[in-house]
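Enquirer: This is query_28.pdb, which holds PDB, C-alpha atoms:
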```pdb
ATOM      1  CA  MET P 993       0.000   0.000   0.000  1.00  0.00           C
ATOM      2  CA  ASP P 994       2.787   2.392   1.022  1.00  0.00           C
ATOM      3  CA  MET P 995       4.810   1.467  -2.053  1.00  0.00           C
ATOM      4  CA  ALA P 996       1.821   2.241  -4.289  1.00  0.00           C
ATOM      5  CA  ALA P 997       1.338   5.608  -2.584  1.00  0.00           C
ATOM      6  CA  ASP P 998       5.041   6.412  -2.860  1.00  0.00           C
ATOM      7  CA  ASN P 999       4.995   5.476  -6.534  1.00  0.00           C
ATOM      8  CA  LYS P1000       2.000   7.776  -7.147  1.00  0.00           C
ATOM      9  CA  ASP P1001       3.685  10.645  -5.284  1.00  0.00           C
ATOM     10  CA  GLU P1002       6.856  10.107  -7.284  1.00  0.00           C
ATOM     11  CA  LYS P1003       4.914  10.223 -10.566  1.00  0.00           C
ATOM     12  CA  GLN P1004       3.099  13.383  -9.496  1.00  0.00           C
ATOM     13  CA  SER P1005       6.342  15.050  -8.447  1.00  0.00           C
ATOM     14  CA  TRP P1006       7.972  14.175 -11.779  1.00  0.00           C
ATOM     15  CA  LEU P1007       4.893  15.338 -13.701  1.00  0.00           C
ATOM     16  CA  ARG P1008       4.697  18.583 -11.758  1.00  0.00           C
ATOM     17  CA  ARG P1009       8.306  19.418 -12.615  1.00  0.00           C
ATOM     18  CA  ARG P1010       7.608  18.685 -16.270  1.00  0.00           C
ATOM     19  CA  VAL P1011       4.411  20.743 -16.191  1.00  0.00           C
ATOM     20  CA  GLU P1012       6.137  23.734 -14.595  1.00  0.00           C
ATOM     21  CA  GLY P1013       8.985  23.571 -17.093  1.00  0.00           C
ATOM     22  CA  ALA P1014       6.634  23.320 -20.054  1.00  0.00           C
ATOM     23  CA  ILE P1015       4.484  26.253 -18.930  1.00  0.00           C
ATOM     24  CA  ARG P1016       7.522  28.364 -18.109  1.00  0.00           C
ATOM     25  CA  GLY P1017       9.027  27.628 -21.515  1.00  0.00           C
ATOM     26  CA  GLY P1018       5.775  28.314 -23.371  1.00  0.00           C
ATOM     27  CA  LEU P1019       5.174  31.635 -21.629  1.00  0.00           C
ATOM     28  CA  THR P1020       8.782  32.711 -22.139  1.00  0.00           C
ATOM     29  CA  ARG P1021       8.587  31.972 -25.867  1.00  0.00           C
ATOM     30  CA  ALA P1022       5.284  33.840 -26.065  1.00  0.00           C
ATOM     31  CA  TYR P1023       6.945  36.838 -24.422  1.00  0.00           C
ATOM     32  CA  GLU P1024      10.070  36.780 -26.570  1.00  0.00           C
ATOM     33  CA  THR P1025       8.955  35.601 -30.019  1.00  0.00           C
ATOM     34  CA  ILE P1026       5.311  34.530 -30.425  1.00  0.00           C
ATOM     35  CA  LYS P1027       3.649  37.924 -30.232  1.00  0.00           C
ATOM     36  CA  VAL P1028       0.460  39.208 -31.795  1.00  0.00           C
ATOM     37  CA  ASP P1029       1.075  41.682 -34.635  1.00  0.00           C
ATOM     38  CA  PRO P1030      -0.994  44.749 -33.589  1.00  0.00           C
ATOM     39  CA  GLY P1031      -1.337  46.024 -37.160  1.00  0.00           C
ATOM     40  CA  ARG P1032      -2.663  42.733 -38.497  1.00  0.00           C
ATOM     41  CA  PHE P1033      -4.961  42.301 -35.525  1.00  0.00           C
ATOM     42  CA  LEU P1034      -6.348  45.824 -35.997  1.00  0.00           C
ATOM     43  CA  MET P1035      -7.184  44.909 -39.597  1.00  0.00           C
ATOM     44  CA  GLN P1036      -8.828  41.706 -38.367  1.00  0.00           C
ATOM     45  CA  LEU P1037     -10.980  43.707 -35.963  1.00  0.00           C
ATOM     46  CA  ARG P1038     -12.091  45.935 -38.833  1.00  0.00           C
ATOM     47  CA  VAL P1039     -12.709  43.199 -41.392  1.00  0.00           C
ATOM     48  CA  ALA P1040     -13.828  40.191 -39.364  1.00  0.00           C
ATOM     49  CA  HIS P1041     -15.644  41.997 -36.567  1.00  0.00           C
ATOM     50  CA  GLY P1042     -16.722  45.195 -38.325  1.00  0.00           C
ATOM     51  CA  LEU P1043     -15.228  47.573 -35.770  1.00  0.00           C
ATOM     52  CA  PRO P1044     -14.730  51.078 -37.261  1.00  0.00           C
ATOM     53  CA  LEU P1045     -11.192  51.566 -35.965  1.00  0.00           C
ATOM     54  CA  ALA P1046      -8.329  53.592 -37.401  1.00  0.00           C
ATOM     55  CA  THR P1047      -6.232  53.022 -34.262  1.00  0.00           C
ATOM     56  CA  PHE P1048      -6.664  51.025 -31.068  1.00  0.00           C
ATOM     57  CA  HIS P1049      -7.400  54.251 -29.207  1.00  0.00           C
ATOM     58  CA  GLY P1050     -10.692  54.272 -31.099  1.00  0.00           C
ATOM     59  CA  VAL P1051     -12.030  51.447 -28.919  1.00  0.00           C
ATOM     60  CA  TYR P1052     -12.766  54.078 -26.259  1.00  0.00           C
ATOM     61  CA  THR P1053     -15.453  55.530 -28.541  1.00  0.00           C
ATOM     62  CA  LEU P1054     -17.240  52.198 -29.018  1.00  0.00           C
ATOM     63  CA  PRO P1055     -19.866  50.687 -26.706  1.00  0.00           C
ATOM     64  CA  VAL P1056     -18.211  48.453 -24.118  1.00  0.00           C
ATOM     65  CA  GLU P1057     -20.752  45.728 -24.874  1.00  0.00           C
ATOM     66  CA  ARG P1058     -19.480  45.560 -28.442  1.00  0.00           C
ATOM     67  CA  LEU P1059     -15.918  45.102 -27.213  1.00  0.00           C
ATOM     68  CA  ASP P1060     -17.153  42.382 -24.850  1.00  0.00           C
ATOM     69  CA  ASP P1061     -18.701  40.501 -27.774  1.00  0.00           C
ATOM     70  CA  VAL P1062     -15.440  40.622 -29.741  1.00  0.00           C
ATOM     71  CA  ALA P1063     -13.464  39.561 -26.659  1.00  0.00           C
ATOM     72  CA  GLU P1064     -15.753  36.558 -26.159  1.00  0.00           C
ATOM     73  CA  SER P1065     -15.296  35.616 -29.819  1.00  0.00           C
ATOM     74  CA  VAL P1066     -11.499  35.761 -29.440  1.00  0.00           C
ATOM     75  CA  ILE P1067     -11.647  33.606 -26.318  1.00  0.00           C
ATOM     76  CA  ARG P1068     -13.802  31.020 -28.112  1.00  0.00           C
ATOM     77  CA  GLY P1069     -11.312  30.951 -30.970  1.00  0.00           C
ATOM     78  CA  GLY P1070      -8.466  30.286 -28.536  1.00  0.00           C
ATOM     79  CA  MET P1071     -10.506  27.570 -26.828  1.00  0.00           C
ATOM     80  CA  LYS P1072     -11.164  25.758 -30.118  1.00  0.00           C
ATOM     81  CA  LEU P1073      -7.517  25.965 -31.168  1.00  0.00           C
ATOM     82  CA  ALA P1074      -6.343  24.702 -27.778  1.00  0.00           C
ATOM     83  CA  ALA P1075      -8.878  21.851 -27.832  1.00  0.00           C
ATOM     84  CA  ALA P1076      -7.728  20.694 -31.266  1.00  0.00           C
ATOM     85  CA  GLU P1077      -4.103  20.885 -30.178  1.00  0.00           C
ATOM     86  CA  GLY P1078      -4.865  18.979 -26.957  1.00  0.00           C
ATOM     87  CA  ALA P1079      -6.702  16.233 -28.817  1.00  0.00           C
ATOM     88  CA  GLY P1080      -3.803  15.784 -31.233  1.00  0.00           C
ATOM     89  CA  PHE P1081      -1.035  15.755 -28.655  1.00  0.00           C
ATOM     90  CA  GLY P1082      -3.220  13.740 -26.282  1.00  0.00           C
ATOM     91  CA  LEU P1083      -2.834  10.736 -28.554  1.00  0.00           C
ATOM     92  CA  GLY P1084       0.738  10.513 -27.318  1.00  0.00           C
ATOM     93  CA  GLY P1085      -0.352  10.270 -23.694  1.00  0.00           C
ATOM     94  CA  ILE P1086       2.146  11.406 -21.093  1.00  0.00           C
ATOM     95  CA  LEU P1087       4.983  11.448 -23.636  1.00  0.00           C
ATOM     96  CA  THR P1088       3.601  14.544 -25.366  1.00  0.00           C
ATOM     97  CA  ILE P1089       2.611  16.526 -22.283  1.00  0.00           C
ATOM     98  CA  VAL P1090       5.625  18.856 -22.501  1.00  0.00           C
ATOM     99  CA  PRO P1091       5.069  20.062 -26.082  1.00  0.00           C
ATOM    100  CA  ASP P1092       1.309  20.153 -25.431  1.00  0.00           C
ATOM    101  CA  LEU P1093       1.586  22.436 -22.400  1.00  0.00           C
ATOM    102  CA  GLY P1094       4.226  24.564 -24.107  1.00  0.00           C
ATOM    103  CA  ILE P1095       1.933  25.215 -27.065  1.00  0.00           C
ATOM    104  CA  LEU P1096      -1.090  25.624 -24.785  1.00  0.00           C
ATOM    105  CA  SER P1097       0.763  28.330 -22.843  1.00  0.00           C
ATOM    106  CA  ALA P1098       1.587  30.154 -26.074  1.00  0.00           C
ATOM    107  CA  ILE P1099      -2.039  29.939 -27.302  1.00  0.00           C
ATOM    108  CA  THR P1100      -3.278  31.249 -23.967  1.00  0.00           C
ATOM    109  CA  MET P1101      -0.793  34.116 -23.934  1.00  0.00           C
ATOM    110  CA  ARG P1102      -1.654  35.144 -27.484  1.00  0.00           C
ATOM    111  CA  THR P1103      -5.331  35.160 -26.490  1.00  0.00           C
ATOM    112  CA  ILE P1104      -4.528  37.439 -23.558  1.00  0.00           C
ATOM    113  CA  GLN P1105      -2.500  39.737 -25.847  1.00  0.00           C
ATOM    114  CA  LYS P1106      -5.502  40.057 -28.169  1.00  0.00           C
ATOM    115  CA  LEU P1107      -7.765  40.872 -25.236  1.00  0.00           C
ATOM    116  CA  SER P1108      -5.316  43.580 -24.198  1.00  0.00           C
ATOM    117  CA  LEU P1109      -5.542  45.163 -27.643  1.00  0.00           C
ATOM    118  CA  ILE P1110      -9.345  44.884 -27.808  1.00  0.00           C
ATOM    119  CA  TYR P1111      -9.645  46.959 -24.659  1.00  0.00           C
ATOM    120  CA  GLY P1112      -7.161  49.576 -25.871  1.00  0.00           C
ATOM    121  CA  PHE P1113      -3.852  48.555 -24.312  1.00  0.00           C
ATOM    122  CA  GLU P1114      -1.325  48.431 -27.157  1.00  0.00           C
ATOM    123  CA  LEU P1115       1.781  47.036 -25.384  1.00  0.00           C
ATOM    124  CA  ASN P1116       3.938  49.910 -26.682  1.00  0.00           C
ATOM    125  CA  THR P1117       5.362  50.880 -23.303  1.00  0.00           C
ATOM    126  CA  ASP P1118       6.902  49.036 -20.372  1.00  0.00           C
ATOM    127  CA  ASP P1119       3.831  49.867 -18.296  1.00  0.00           C
ATOM    128  CA  GLU P1120       1.530  48.282 -20.890  1.00  0.00           C
ATOM    129  CA  ILE P1121       3.731  45.190 -21.168  1.00  0.00           C
ATOM    130  CA  ALA P1122       3.745  44.894 -17.384  1.00  0.00           C
ATOM    131  CA  GLU P1123      -0.059  45.257 -17.417  1.00  0.00           C
ATOM    132  CA  LEU P1124      -0.280  42.338 -19.852  1.00  0.00           C
ATOM    133  CA  TRP P1125       1.598  40.081 -17.455  1.00  0.00           C
ATOM    134  CA  ILE P1126      -0.354  41.368 -14.486  1.00  0.00           C
ATOM    135  CA  ALA P1127      -3.465  40.214 -16.353  1.00  0.00           C
ATOM    136  CA  ALA P1128      -1.859  36.830 -17.066  1.00  0.00           C
ATOM    137  CA  ALA P1129      -0.957  36.450 -13.398  1.00  0.00           C
ATOM    138  CA  SER P1130      -4.463  37.466 -12.379  1.00  0.00           C
ATOM    139  CA  ALA P1131      -5.882  34.857 -14.753  1.00  0.00           C
ATOM    140  CA  ALA P1132      -3.672  32.246 -13.080  1.00  0.00           C
ATOM    141  CA  GLY P1133      -4.704  33.351  -9.598  1.00  0.00           C
ATOM    142  CA  VAL P1134      -1.245  34.697  -8.731  1.00  0.00           C
ATOM    143  CA  ASP P1135      -0.844  37.719  -6.441  1.00  0.00           C
ATOM    144  CA  ILE P1136       2.070  39.862  -7.613  1.00  0.00           C
ATOM    145  CA  SER P1137       1.414  43.011  -5.588  1.00  0.00           C
ATOM    146  CA  ARG P1138       4.846  42.885  -3.975  1.00  0.00           C
ATOM    147  CA  GLU P1139       6.596  42.814  -7.322  1.00  0.00           C
ATOM    148  CA  LEU P1140       4.606  45.867  -8.349  1.00  0.00           C
ATOM    149  CA  LEU P1141       5.651  47.734  -5.233  1.00  0.00           C
ATOM    150  CA  GLU P1142       9.293  47.025  -6.058  1.00  0.00           C
ATOM    151  CA  LYS P1143       8.808  48.724  -9.453  1.00  0.00           C
ATOM    152  CA  GLU P1144      11.168  46.412 -11.253  1.00  0.00           C
ATOM    153  CA  VAL P1145      12.122  46.977 -14.872  1.00  0.00           C
ATOM    154  CA  VAL P1146      10.139  44.817 -17.290  1.00  0.00           C
ATOM    155  CA  ASN P1147      13.081  42.584 -18.245  1.00  0.00           C
ATOM    156  CA  ARG P1148      13.335  41.422 -14.632  1.00  0.00           C
ATOM    157  CA  PHE P1149       9.656  41.694 -13.794  1.00  0.00           C
ATOM    158  CA  VAL P1150       8.327  39.403 -16.547  1.00  0.00           C
ATOM    159  CA  PRO P1151      10.569  36.363 -15.851  1.00  0.00           C
ATOM    160  CA  ARG P1152       9.617  36.518 -12.164  1.00  0.00           C
ATOM    161  CA  VAL P1153       5.923  36.618 -13.029  1.00  0.00           C
ATOM    162  CA  ILE P1154       6.370  33.695 -15.431  1.00  0.00           C
ATOM    163  CA  GLN P1155       8.079  31.685 -12.692  1.00  0.00           C
ATOM    164  CA  ARG P1156       5.251  32.410 -10.249  1.00  0.00           C
ATOM    165  CA  ILE P1157       2.593  31.483 -12.810  1.00  0.00           C
ATOM    166  CA  ALA P1158       4.380  28.233 -13.708  1.00  0.00           C
ATOM    167  CA  ALA P1159       4.654  27.211 -10.052  1.00  0.00           C
ATOM    168  CA  LYS P1160       1.006  28.024  -9.337  1.00  0.00           C
ATOM    169  CA  VAL P1161      -0.387  26.331 -12.426  1.00  0.00           C
ATOM    170  CA  GLY P1162       1.963  23.369 -12.109  1.00  0.00           C
ATOM    171  CA  ALA P1163       0.615  22.608  -8.652  1.00  0.00           C
ATOM    172  CA  GLU P1164      -2.997  22.952  -9.750  1.00  0.00           C
ATOM    173  CA  VAL P1165      -3.041  21.006 -13.004  1.00  0.00           C
ATOM    174  CA  THR P1166      -0.748  18.098 -12.190  1.00  0.00           C
ATOM    175  CA  GLU P1167      -3.559  16.026 -10.688  1.00  0.00           C
ATOM    176  CA  LYS P1168      -5.812  16.692 -13.673  1.00  0.00           C
ATOM    177  CA  TRP P1169      -3.141  15.941 -16.226  1.00  0.00           C
ATOM    178  CA  MET P1170      -2.469  12.563 -14.586  1.00  0.00           C
ATOM    179  CA  GLY P1171      -5.393  11.415 -16.715  1.00  0.00           C
ATOM    180  CA  ARG P1172      -3.036  11.551 -19.675  1.00  0.00           C
ATOM    181  CA  LEU P1173      -1.577   8.314 -18.318  1.00  0.00           C
ATOM    182  CA  ILE P1174      -4.813   6.501 -19.189  1.00  0.00           C
ATOM    183  CA  PRO P1175      -4.539   4.747 -22.572  1.00  0.00           C
ATOM    184  CA  PHE P1176      -7.059   5.695 -25.284  1.00  0.00           C
ATOM    185  CA  ALA P1177      -8.717   8.329 -23.061  1.00  0.00           C
ATOM    186  CA  SER P1178      -5.761  10.730 -23.112  1.00  0.00           C
ATOM    187  CA  SER P1179      -6.835  12.435 -26.361  1.00  0.00           C
ATOM    188  CA  ALA P1180     -10.312  13.296 -25.074  1.00  0.00           C
ATOM    189  CA  ILE P1181      -8.872  14.349 -21.716  1.00  0.00           C
ATOM    190  CA  GLY P1182      -6.261  16.576 -23.394  1.00  0.00           C
ATOM    191  CA  CYS P1183      -8.942  18.165 -25.574  1.00  0.00           C
ATOM    192  CA  ALA P1184     -11.219  18.937 -22.619  1.00  0.00           C
ATOM    193  CA  LEU P1185      -8.462  20.172 -20.301  1.00  0.00           C
ATOM    194  CA  ASN P1186      -7.037  22.542 -22.910  1.00  0.00           C
ATOM    195  CA  TYR P1187     -10.493  23.845 -23.820  1.00  0.00           C
ATOM    196  CA  TYR P1188     -11.419  24.750 -20.259  1.00  0.00           C
ATOM    197  CA  PHE P1189      -7.917  26.010 -19.459  1.00  0.00           C
ATOM    198  CA  VAL P1190      -8.099  28.708 -22.150  1.00  0.00           C
ATOM    199  CA  ARG P1191     -11.705  29.526 -21.282  1.00  0.00           C
ATOM    200  CA  ALA P1192     -10.893  30.110 -17.614  1.00  0.00           C
ATOM    201  CA  TRP P1193      -7.753  32.143 -18.266  1.00  0.00           C
ATOM    202  CA  GLY P1194      -9.330  34.106 -21.101  1.00  0.00           C
ATOM    203  CA  ARG P1195     -12.370  35.147 -19.088  1.00  0.00           C
ATOM    204  CA  ARG P1196     -10.332  36.153 -16.059  1.00  0.00           C
ATOM    205  CA  ALA P1197      -8.005  38.204 -18.262  1.00  0.00           C
ATOM    206  CA  ARG P1198     -10.999  39.808 -20.000  1.00  0.00           C
ATOM    207  CA  THR P1199     -12.382  40.840 -16.608  1.00  0.00           C
ATOM    208  CA  HIS P1200      -9.022  42.425 -15.753  1.00  0.00           C
ATOM    209  CA  PHE P1201      -8.709  44.403 -18.989  1.00  0.00           C
ATOM    210  CA  ARG P1202     -12.369  45.407 -18.978  1.00  0.00           C
ATOM    211  CA  LYS P1203     -11.970  46.901 -15.507  1.00  0.00           C
ATOM    212  CA  LYS P1204      -8.862  48.824 -16.597  1.00  0.00           C
ATOM    213  CA  HIS P1205     -10.676  49.967 -19.743  1.00  0.00           C
ATOM    214  CA  LEU P1206     -13.615  51.331 -17.746  1.00  0.00           C
ATOM    215  CA  GLU P1207     -11.210  53.132 -15.412  1.00  0.00           C
ATOM    216  CA  ALA P1208      -9.499  54.735 -18.421  1.00  0.00           C
ATOM    217  CA  ARG P1209     -12.884  55.770 -19.844  1.00  0.00           C
ATOM    218  CA  ALA P1210     -13.857  57.357 -16.534  1.00  0.00           C
ATOM    219  CA  ARG P1211     -10.605  59.340 -16.398  1.00  0.00           C
ATOM    220  CA  PHE P1212     -11.090  60.552 -19.965  1.00  0.00           C
ATOM    221  CA  ALA P1213     -14.703  61.564 -19.270  1.00  0.00           C
ATOM    222  CA  ALA P1214     -13.632  63.472 -16.156  1.00  0.00           C
ATOM    223  CA  GLU P1215     -10.929  65.295 -18.096  1.00  0.00           C
ATOM    224  CA  GLN P1216     -13.400  66.236 -20.836  1.00  0.00           C
ATOM    225  CA  ALA P1217     -15.940  67.463 -18.268  1.00  0.00           C
ATOM    226  CA  GLN P1218     -13.283  69.554 -16.573  1.00  0.00           C
ATOM    227  CA  LEU P1219     -12.273  71.135 -19.876  1.00  0.00           C
ATOM    228  CA  SER P1220     -15.839  71.906 -20.876  1.00  0.00           C
ATOM    229  CA  SER P1221     -16.666  73.481 -17.504  1.00  0.00           C
ATOM    230  CA  ALA P1222     -13.572  75.701 -17.436  1.00  0.00           C
ATOM    231  CA  PRO P1223     -14.458  79.407 -17.934  1.00  0.00           C
ATOM    232  CA  SER P1224     -13.561  80.645 -21.395  1.00  0.00           C
ATOM    233  CA  GLN P1225     -11.119  83.487 -21.584  1.00  0.00           C
ATOM    234  CA  ILE P1226     -12.324  86.604 -23.390  1.00  0.00           C
ATOM    235  CA  LEU P1227      -9.609  88.253 -25.403  1.00  0.00           C
ATOM    236  CA  PRO P1228      -9.399  92.054 -25.072  1.00  0.00           C
ATOM    237  CA  SER P1229     -10.545  93.980 -28.133  1.00  0.00           C
TER
END
```
I need this file expressed as structure tokens, please.
Expert:
Amino acid sequence: MDMAADNKDEKQSWLRRRVEGAIRGGLTRAYETIKVDPGRFLMQLRVAHGLPLATFHGVYTLPVERLDDVAESVIRGGMKLAAAEGAGFGLGGILTIVPDLGILSAITMRTIQKLSLIYGFELNTDDEIAELWIAAASAAGVDISRELLEKEVVNRFVPRVIQRIAAKVGAEVTEKWMGRLIPFASSAIGCALNYYFVRAWGRRARTHFRKKHLEARARFAAEQAQLSSAPSQILPS
């Protein structure tokens, strides 16, 4: 009995290390190389979703509900892609868990990048890049308030966030991914796990960006109200 329990713990410990490494690698690649092209995505928003945008700043003139609809569509697209990828790699059982989770992490991060753009955050500055990873951490249920207080530069901040996300997610999904050890069922399990993984992360990230978007709208409205209420200066004749 004890030997069986020890064997299970050993498998879970090995799998958790593999899971953490795969997620860390996938997120790092997404940060360094696999990025959404803002220009192409802006065109996609115009053509595929019919949003009348010349720049991403234009999203602040659109109804929030319309942005929410587009965000939900993007999340569903990421879910379908992740499900197909999970079903394919799931055929390999536990042997393909590392490439599966690496690709899943990249799909998830690209989905979060798109959500950032939909709500008007273009990732042009260090603050916007940091905000992207704050959203990713929030989606993973990671509290990074201390890192924020330290005001680290992005090149140090992002790797630390990635490490925290990998550790958190690795602990949470290891038990679920043990199902990949089951012959024949691993494909269906991989499909379902990936599908719900992207859905959960995508919706949490959307909530984060939507809140920030509404805060930005409120600031802009207050500034406009202040300008309009300021007394006009009458030039002397």
Enquirer: Mind checking which residues fall within 10 Å of P:Arg1202, counting all atoms listed in the file, ignoring those fewer than 6 positions away in the same chain, and posting them as a short mmCIF file (atom, residue, chain, number, x, y, z; two decimals) with C-alpha atoms, in the frame of the given file?
Expert:
```
data_model
loop_
_atom_site.label_atom_id
_atom_site.label_comp_id
_atom_site.auth_asym_id
_atom_site.auth_seq_id
_atom_site.Cartn_x
_atom_site.Cartn_y
_atom_site.Cartn_z
CA VAL P 1056 -18.21 48.45 -24.12
CA LEU P 1059 -15.92 45.10 -27.21
CA ASP P 1060 -17.15 42.38 -24.85
CA ALA P 1063 -13.46 39.56 -26.66
CA LEU P 1107 -7.76 40.87 -25.24
CA SER P 1108 -5.32 43.58 -24.20
CA ILE P 1110 -9.35 44.88 -27.81
CA TYR P 1111 -9.64 46.96 -24.66
CA GLY P 1112 -7.16 49.58 -25.87
CA ARG P 1196 -10.33 36.15 -16.06
CA ALA P 1208 -9.50 54.74 -18.42
#
```
Enquirer: Could you please determine the separation between atom CA of P:Val1028 and atom CA of P:Thr1100 in Å, to one decimal place?
Expert: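 Separating atom CA of P:Val1028 from atom CA of P:Thr1100 is a distance of 11.8 Å.
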Enquirer: Pick out the residues sitting within 12 Å of P:Ala1197, and hand them over as a ChimeraX atom specification; count all atoms listed in the file, and ignore anything fewer than 2 positions along from it in its own chain.
Expert: /P:1063-1064,1066-1067,1100-1111,1123-1133,1190-1195,1199-1204
Enquirer: What's around P:Ala1074 at 8 Å? Count all atoms listed in the file, leave out sequence neighbours fewer than 3 positions away in its own chain, and write the answer as a list in words.
Expert: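 So, after excluding close chain neighbours, the residues are Gly1070, Met1071, Glu1077, Gly1078, Leu1096, Ile1099, Cys1183, Asn1186, Tyr1187 and Val1190 of chain P.
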Enquirer: Measuring between all atoms listed in the file, which one of P:Tyr1052, P:Ala1014, P:Trp1006, P:Gly1031 shows the shortest distance to P:Ala1213?
Expert: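 Using all atoms listed in the file, the shortest distance to P:Ala1213 belongs to P:Tyr1052.
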Enquirer: Choose the residue, out of P:Ala1163, P:Ala1214, P:Met1035, P:Val1051, that has the smallest atom-to-atom separation from P:Ser1005; count all atoms listed in the file.
Expert: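 Result for the nearest residue to P:Ser1005: P:Ala1163.
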Enquirer: In Å, rounded to a single decimal, give me how far atom CA of P:Tyr1188 is from atom CA of P:Arg1010.
Expert: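 It comes out at 20.4 Å.
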Enquirer: Go ahead and compute the interatomic distance for atom CA of P:Val1145 and atom CA of P:Ser1097, in Å to one decimal.
Expert: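 According to the coordinates, atom CA of P:Val1145 and atom CA of P:Ser1097 are separated by 23.2 Å.
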Enquirer: Please determine, counting only C-alpha atoms, which residue among P:Arg1198, P:Lys1160, P:Arg1068, P:His1049 has the shortest atom-to-atom distance to P:Leu1034.
Expert: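 Using only C-alpha atoms, the shortest distance to P:Leu1034 belongs to P:His1049.
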Enquirer: From the set P:Leu1093, P:Ala1184, P:Ile1121, P:Leu1115, which residue has the shortest atom-to-atom contact distance to P:Arg1008, counting all atoms listed in the file?
Expert: P:Leu1093
Enquirer: Find, counting all atoms listed in the file, the residue in P:Tyr1023, P:Leu1007, P:Ile1157, P:Thr1053 that gets nearest to P:Ala1122.
Expert: P:Tyr1023
Enquirer: Counting only C-alpha atoms, find the residues whose atoms lie at most 12 Å from (12.3, 44.0, -20.3) (file coordinates) and write them out as a list in words.
Expert: Thr1020, Tyr1023, Glu1024, Thr1117, Asp1118, Asp1119, Glu1120, Ile1121, Ala1122, Trp1125, Glu1144, Val1145, Val1146, Asn1147, Arg1148, Phe1149, Val1150, Pro1151 and Arg1152 of chain P
Enquirer: For C-alpha atoms, I'd like the residues from the last selection saved as a PDB file, in the frame of the given file.
Expert:
```
ATOM      1  CA  THR P1020       8.782  32.711 -22.139  1.00  0.00           C
ATOM      2  CA  TYR P1023       6.945  36.838 -24.422  1.00  0.00           C
ATOM      3  CA  GLU P1024      10.070  36.780 -26.570  1.00  0.00           C
ATOM      4  CA  THR P1117       5.362  50.880 -23.303  1.00  0.00           C
ATOM      5  CA  ASP P1118       6.902  49.036 -20.372  1.00  0.00           C
ATOM      6  CA  ASP P1119       3.831  49.867 -18.296  1.00  0.00           C
ATOM      7  CA  GLU P1120       1.530  48.282 -20.890  1.00  0.00           C
ATOM      8  CA  ILE P1121       3.731  45.190 -21.168  1.00  0.00           C
ATOM      9  CA  ALA P1122       3.745  44.894 -17.384  1.00  0.00           C
ATOM     10  CA  TRP P1125       1.598  40.081 -17.455  1.00  0.00           C
ATOM     11  CA  GLU P1144      11.168  46.412 -11.253  1.00  0.00           C
ATOM     12  CA  VAL P1145      12.122  46.977 -14.872  1.00  0.00           C
ATOM     13  CA  VAL P1146      10.139  44.817 -17.290  1.00  0.00           C
ATOM     14  CA  ASN P1147      13.081  42.584 -18.245  1.00  0.00           C
ATOM     15  CA  ARG P1148      13.335  41.422 -14.632  1.00  0.00           C
ATOM     16  CA  PHE P1149       9.656  41.694 -13.794  1.00  0.00           C
ATOM     17  CA  VAL P1150       8.327  39.403 -16.547  1.00  0.00           C
ATOM     18  CA  PRO P1151      10.569  36.363 -15.851  1.00  0.00           C
ATOM     19  CA  ARG P1152       9.617  36.518 -12.164  1.00  0.00           C
TER      20      ARG P1152
END
```
Enquirer: Using only C-alpha atoms, which residue out of P:Arg1032, P:Arg1016, P:His1205, P:Arg1211 lies closest to P:Ala1098?
Expert: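 The closest residue to P:Ala1098 is P:Arg1016.
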Enquirer: How about completing stretch 1189-1199 of chain P with N, CA and C atoms and giving it to me as a PDB file, keeping the file's coordinate frame?
Expert:
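Result written to selection.pdb:
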```
ATOM      1  N   PHE P1189      -9.068  25.220 -19.913  1.00  0.00           N
ATOM      2  CA  PHE P1189      -7.917  26.010 -19.459  1.00  0.00           C
ATOM      3  C   PHE P1189      -7.951  27.394 -20.106  1.00  0.00           C
ATOM      4  N   VAL P1190      -8.080  27.432 -21.433  1.00  0.00           N
ATOM      5  CA  VAL P1190      -8.099  28.708 -22.150  1.00  0.00           C
ATOM      6  C   VAL P1190      -9.349  29.499 -21.797  1.00  0.00           C
ATOM      7  N   ARG P1191     -10.478  28.819 -21.644  1.00  0.00           N
ATOM      8  CA  ARG P1191     -11.705  29.526 -21.282  1.00  0.00           C
ATOM      9  C   ARG P1191     -11.555  30.233 -19.936  1.00  0.00           C
ATOM     10  N   ALA P1192     -11.031  29.531 -18.946  1.00  0.00           N
ATOM     11  CA  ALA P1192     -10.893  30.110 -17.614  1.00  0.00           C
ATOM     12  C   ALA P1192      -9.914  31.282 -17.618  1.00  0.00           C
ATOM     13  N   TRP P1193      -8.751  31.078 -18.220  1.00  0.00           N
ATOM     14  CA  TRP P1193      -7.753  32.143 -18.266  1.00  0.00           C
ATOM     15  C   TRP P1193      -8.251  33.331 -19.081  1.00  0.00           C
ATOM     16  N   GLY P1194      -8.864  33.036 -20.231  1.00  0.00           N
ATOM     17  CA  GLY P1194      -9.330  34.106 -21.101  1.00  0.00           C
ATOM     18  C   GLY P1194     -10.368  34.975 -20.409  1.00  0.00           C
ATOM     19  N   ARG P1195     -11.310  34.373 -19.727  1.00  0.00           N
ATOM     20  CA  ARG P1195     -12.370  35.147 -19.088  1.00  0.00           C
ATOM     21  C   ARG P1195     -11.860  35.938 -17.897  1.00  0.00           C
ATOM     22  N   ARG P1196     -10.912  35.379 -17.165  1.00  0.00           N
ATOM     23  CA  ARG P1196     -10.332  36.153 -16.059  1.00  0.00           C
ATOM     24  C   ARG P1196      -9.532  37.339 -16.591  1.00  0.00           C
ATOM     25  N   ALA P1197      -8.775  37.113 -17.667  1.00  0.00           N
ATOM     26  CA  ALA P1197      -8.005  38.204 -18.262  1.00  0.00           C
ATOM     27  C   ALA P1197      -8.934  39.270 -18.831  1.00  0.00           C
ATOM     28  N   ARG P1198     -10.032  38.846 -19.465  1.00  0.00           N
ATOM     29  CA  ARG P1198     -10.999  39.808 -20.000  1.00  0.00           C
ATOM     30  C   ARG P1198     -11.555  40.681 -18.878  1.00  0.00           C
ATOM     31  N   THR P1199     -11.881  40.076 -17.749  1.00  0.00           N
ATOM     32  CA  THR P1199     -12.382  40.840 -16.608  1.00  0.00           C
ATOM     33  C   THR P1199     -11.368  41.883 -16.169  1.00  0.00           C
TER      34      THR P1199
END
```
